[in-house]
Amino acid sequence: MDRATGLVLTSPDGVRYRFDPGALCLELLLTGGPGEIARYESLHEPAGLLEWVVHSRLRPTPELRVSGEELAETRRARDALWRLVWARTGRGEASVEDLGVLNAAAARPPLAPALYADGV
């Protein structure tokens with residue numbers, strides 16, 4: 001059983017490696033972001049977020065569905081997280097707005113598995 005966590009990535013020269021930043025939210029940073037990293041954006045539509053979930057350590061049950069608004073909320077939280085990371089590493093300043101966006105996302109209850117009468 002593979003207990004390693006994180007995403008398996010491939011370097012430009014084809015070497016595969018596991019990226020584990022230590023927190024699931026930081027794995028989301030690989031999907032793009034604001035400013036100079038917008039060119040790496042992979043969350044153009046809900047299918048992009050679902051693709052990220054497949055490769056992340058998440059294992060949603062039942063099958064996950066993502067709306068356009070949920071995608072937009074995910075991108076807002078991810079972009080706020082980027083700016084807060086940059087502020088923490090001396091590349092910018094933290095804003096009250098970004099803290100509010102991230103705290104609102106974190107305040108939501110976690111997804112909970114459900115068992116249905118048909119056994120699903």
# chains A, B, ... in the order shown; residues from 1 in each chain; ligands from 1
$ residues_around --residues "Leu84 of chain A" --least-positions-apart "4" --cutoff "9 Å" --atoms "only C-alpha atoms" --output "PDB file with N, CA, C and O atoms, in the first residue's frame"
ATOM      1  N   ASP A  79      -6.360  31.999  -5.262  1.00  0.00           N
ATOM      2  CA  ASP A  79      -5.624  33.237  -5.538  1.00  0.00           C
ATOM      3  C   ASP A  79      -5.314  34.002  -4.250  1.00  0.00           C
ATOM      4  O   ASP A  79      -4.217  34.549  -4.090  1.00  0.00           O
ATOM      5  N   ALA A  80      -6.273  34.019  -3.318  1.00  0.00           N
ATOM      6  CA  ALA A  80      -6.027  34.650  -2.017  1.00  0.00           C
ATOM      7  C   ALA A  80      -4.907  33.912  -1.286  1.00  0.00           C
ATOM      8  O   ALA A  80      -4.023  34.545  -0.682  1.00  0.00           O
ATOM      9  N   ARG A  88       3.777  35.973   3.242  1.00  0.00           N
ATOM     10  CA  ARG A  88       4.522  35.258   4.286  1.00  0.00           C
ATOM     11  C   ARG A  88       5.984  35.070   3.927  1.00  0.00           C
ATOM     12  O   ARG A  88       6.840  34.980   4.796  1.00  0.00           O
ATOM     13  N   THR A  89       6.270  35.006   2.618  1.00  0.00           N
ATOM     14  CA  THR A  89       7.650  34.790   2.170  1.00  0.00           C
ATOM     15  C   THR A  89       8.332  36.088   1.743  1.00  0.00           C
ATOM     16  O   THR A  89       9.394  36.054   1.136  1.00  0.00           O
ATOM     17  N   GLY A  92       5.227  40.236  -0.806  1.00  0.00           N
ATOM     18  CA  GLY A  92       4.027  41.061  -0.848  1.00  0.00           C
ATOM     19  C   GLY A  92       3.526  41.315   0.557  1.00  0.00           C
ATOM     20  O   GLY A  92       4.199  40.970   1.524  1.00  0.00           O
ATOM     21  N   GLU A  93       2.347  41.923   0.632  1.00  0.00           N
ATOM     22  CA  GLU A  93       1.751  42.200   1.925  1.00  0.00           C
ATOM     23  C   GLU A  93       0.402  41.515   2.023  1.00  0.00           C
ATOM     24  O   GLU A  93      -0.361  41.491   1.055  1.00  0.00           O
ATOM     25  N   ALA A  94       0.107  40.967   3.189  1.00  0.00           N
ATOM     26  CA  ALA A  94      -1.186  40.313   3.414  1.00  0.00           C
ATOM     27  C   ALA A  94      -2.282  41.361   3.426  1.00  0.00           C
ATOM     28  O   ALA A  94      -2.083  42.465   3.920  1.00  0.00           O
ATOM     29  N   SER A  95      -3.430  41.012   2.866  1.00  0.00           N
ATOM     30  CA  SER A  95      -4.564  41.932   2.895  1.00  0.00           C
ATOM     31  C   SER A  95      -5.683  41.343   3.732  1.00  0.00           C
ATOM     32  O   SER A  95      -5.840  40.115   3.819  1.00  0.00           O
ATOM     33  N   ASP A  98      -7.977  39.181   1.498  1.00  0.00           N
ATOM     34  CA  ASP A  98      -7.512  37.823   1.244  1.00  0.00           C
ATOM     35  C   ASP A  98      -7.684  36.939   2.470  1.00  0.00           C
ATOM     36  O   ASP A  98      -8.061  35.768   2.351  1.00  0.00           O
ATOM     37  N   LEU A  99      -7.422  37.476   3.643  1.00  0.00           N
ATOM     38  CA  LEU A  99      -7.637  36.707   4.870  1.00  0.00           C
ATOM     39  C   LEU A  99      -9.112  36.342   5.012  1.00  0.00           C
ATOM     40  O   LEU A  99      -9.446  35.220   5.390  1.00  0.00           O
TER      41      LEU A  99
END
$ residues_around --residues "Leu24 of chain A" --least-positions-apart "4" --cutoff "10 Å" --atoms "only C-alpha atoms" --output "ChimeraX atom specification"
/A:5-7,20,28-29,56-58
$ residues_around --residues "Gly35 of chain A" --least-positions-apart "5" --cutoff "12 Å" --atoms "only C-alpha atoms" --output "mmCIF file with C-alpha atoms, in the first residue's frame"
data_model
loop_
_atom_site.group_PDB
_atom_site.id
_atom_site.type_symbol
_atom_site.label_atom_id
_atom_site.label_comp_id
_atom_site.auth_asym_id
_atom_site.auth_seq_id
_atom_site.Cartn_x
_atom_site.Cartn_y
_atom_site.Cartn_z
ATOM 1 C CA TYR A 40 -0.345 28.078 -15.680
ATOM 2 C CA GLU A 41 -4.109 28.282 -15.103
ATOM 3 C CA ASP A 79 -5.624 33.237 -5.538
ATOM 4 C CA ALA A 80 -6.027 34.650 -2.017
ATOM 5 C CA TRP A 82 -1.169 32.616 -3.273
ATOM 6 C CA ARG A 83 -1.101 36.250 -2.182
ATOM 7 C CA TRP A 86 3.765 35.540 -1.084
#
$ closest_residue --among "A:Asp13, A:Glu27, A:Glu63, A:Glu70" --to "Glu45 of chain A" --atoms "only C-alpha atoms"
A:Glu70
$ closest_residue --among "A:Arg59, A:His44, A:Arg16, A:Arg39" --to "Arg75 of chain A" --atoms "only C-alpha atoms"
A:His44
$ select_by_dssp --residues "chain A" --states "strand (DSSP E or B)" --output "MDAnalysis selection string"
chainID A and resid 7:10 16:19
$ select_by_dssp --residues "segment 10-72 of chain A" --states "alpha helix (DSSP H)" --output "list in words"
Leu24, Cys25, Leu26, Glu27, Pro46, Ala47, Gly48, Leu49, Leu50, Glu51, Trp52, Val53, Val54, His55, Gly68, Glu69, Glu70, Leu71 and Ala72 of chain A
$ residues_around --residues "Arg78 of chain A" --least-positions-apart "5" --cutoff "9 Å" --atoms "only C-alpha atoms" --output "list in words"
Cys25, Leu26, Leu28, Leu29, Thr31, Gly32, Gly33, Pro34, Glu73, Arg83 and Leu102 of chain A
$ closest_residue --among "A:Val8, A:Leu30, A:Ala117, A:Leu43" --to "Leu81 of chain A" --atoms "only C-alpha atoms"
A:Leu30
$ atom_distance --atom1 "atom CA of Arg76 of chain A" --atom2 "atom CA of Glu97 of chain A"
10.9 Å
$ atom_distance --atom1 "atom CA of Gly68 of chain A" --atom2 "atom CA of Ala38 of chain A"
18.6 Å
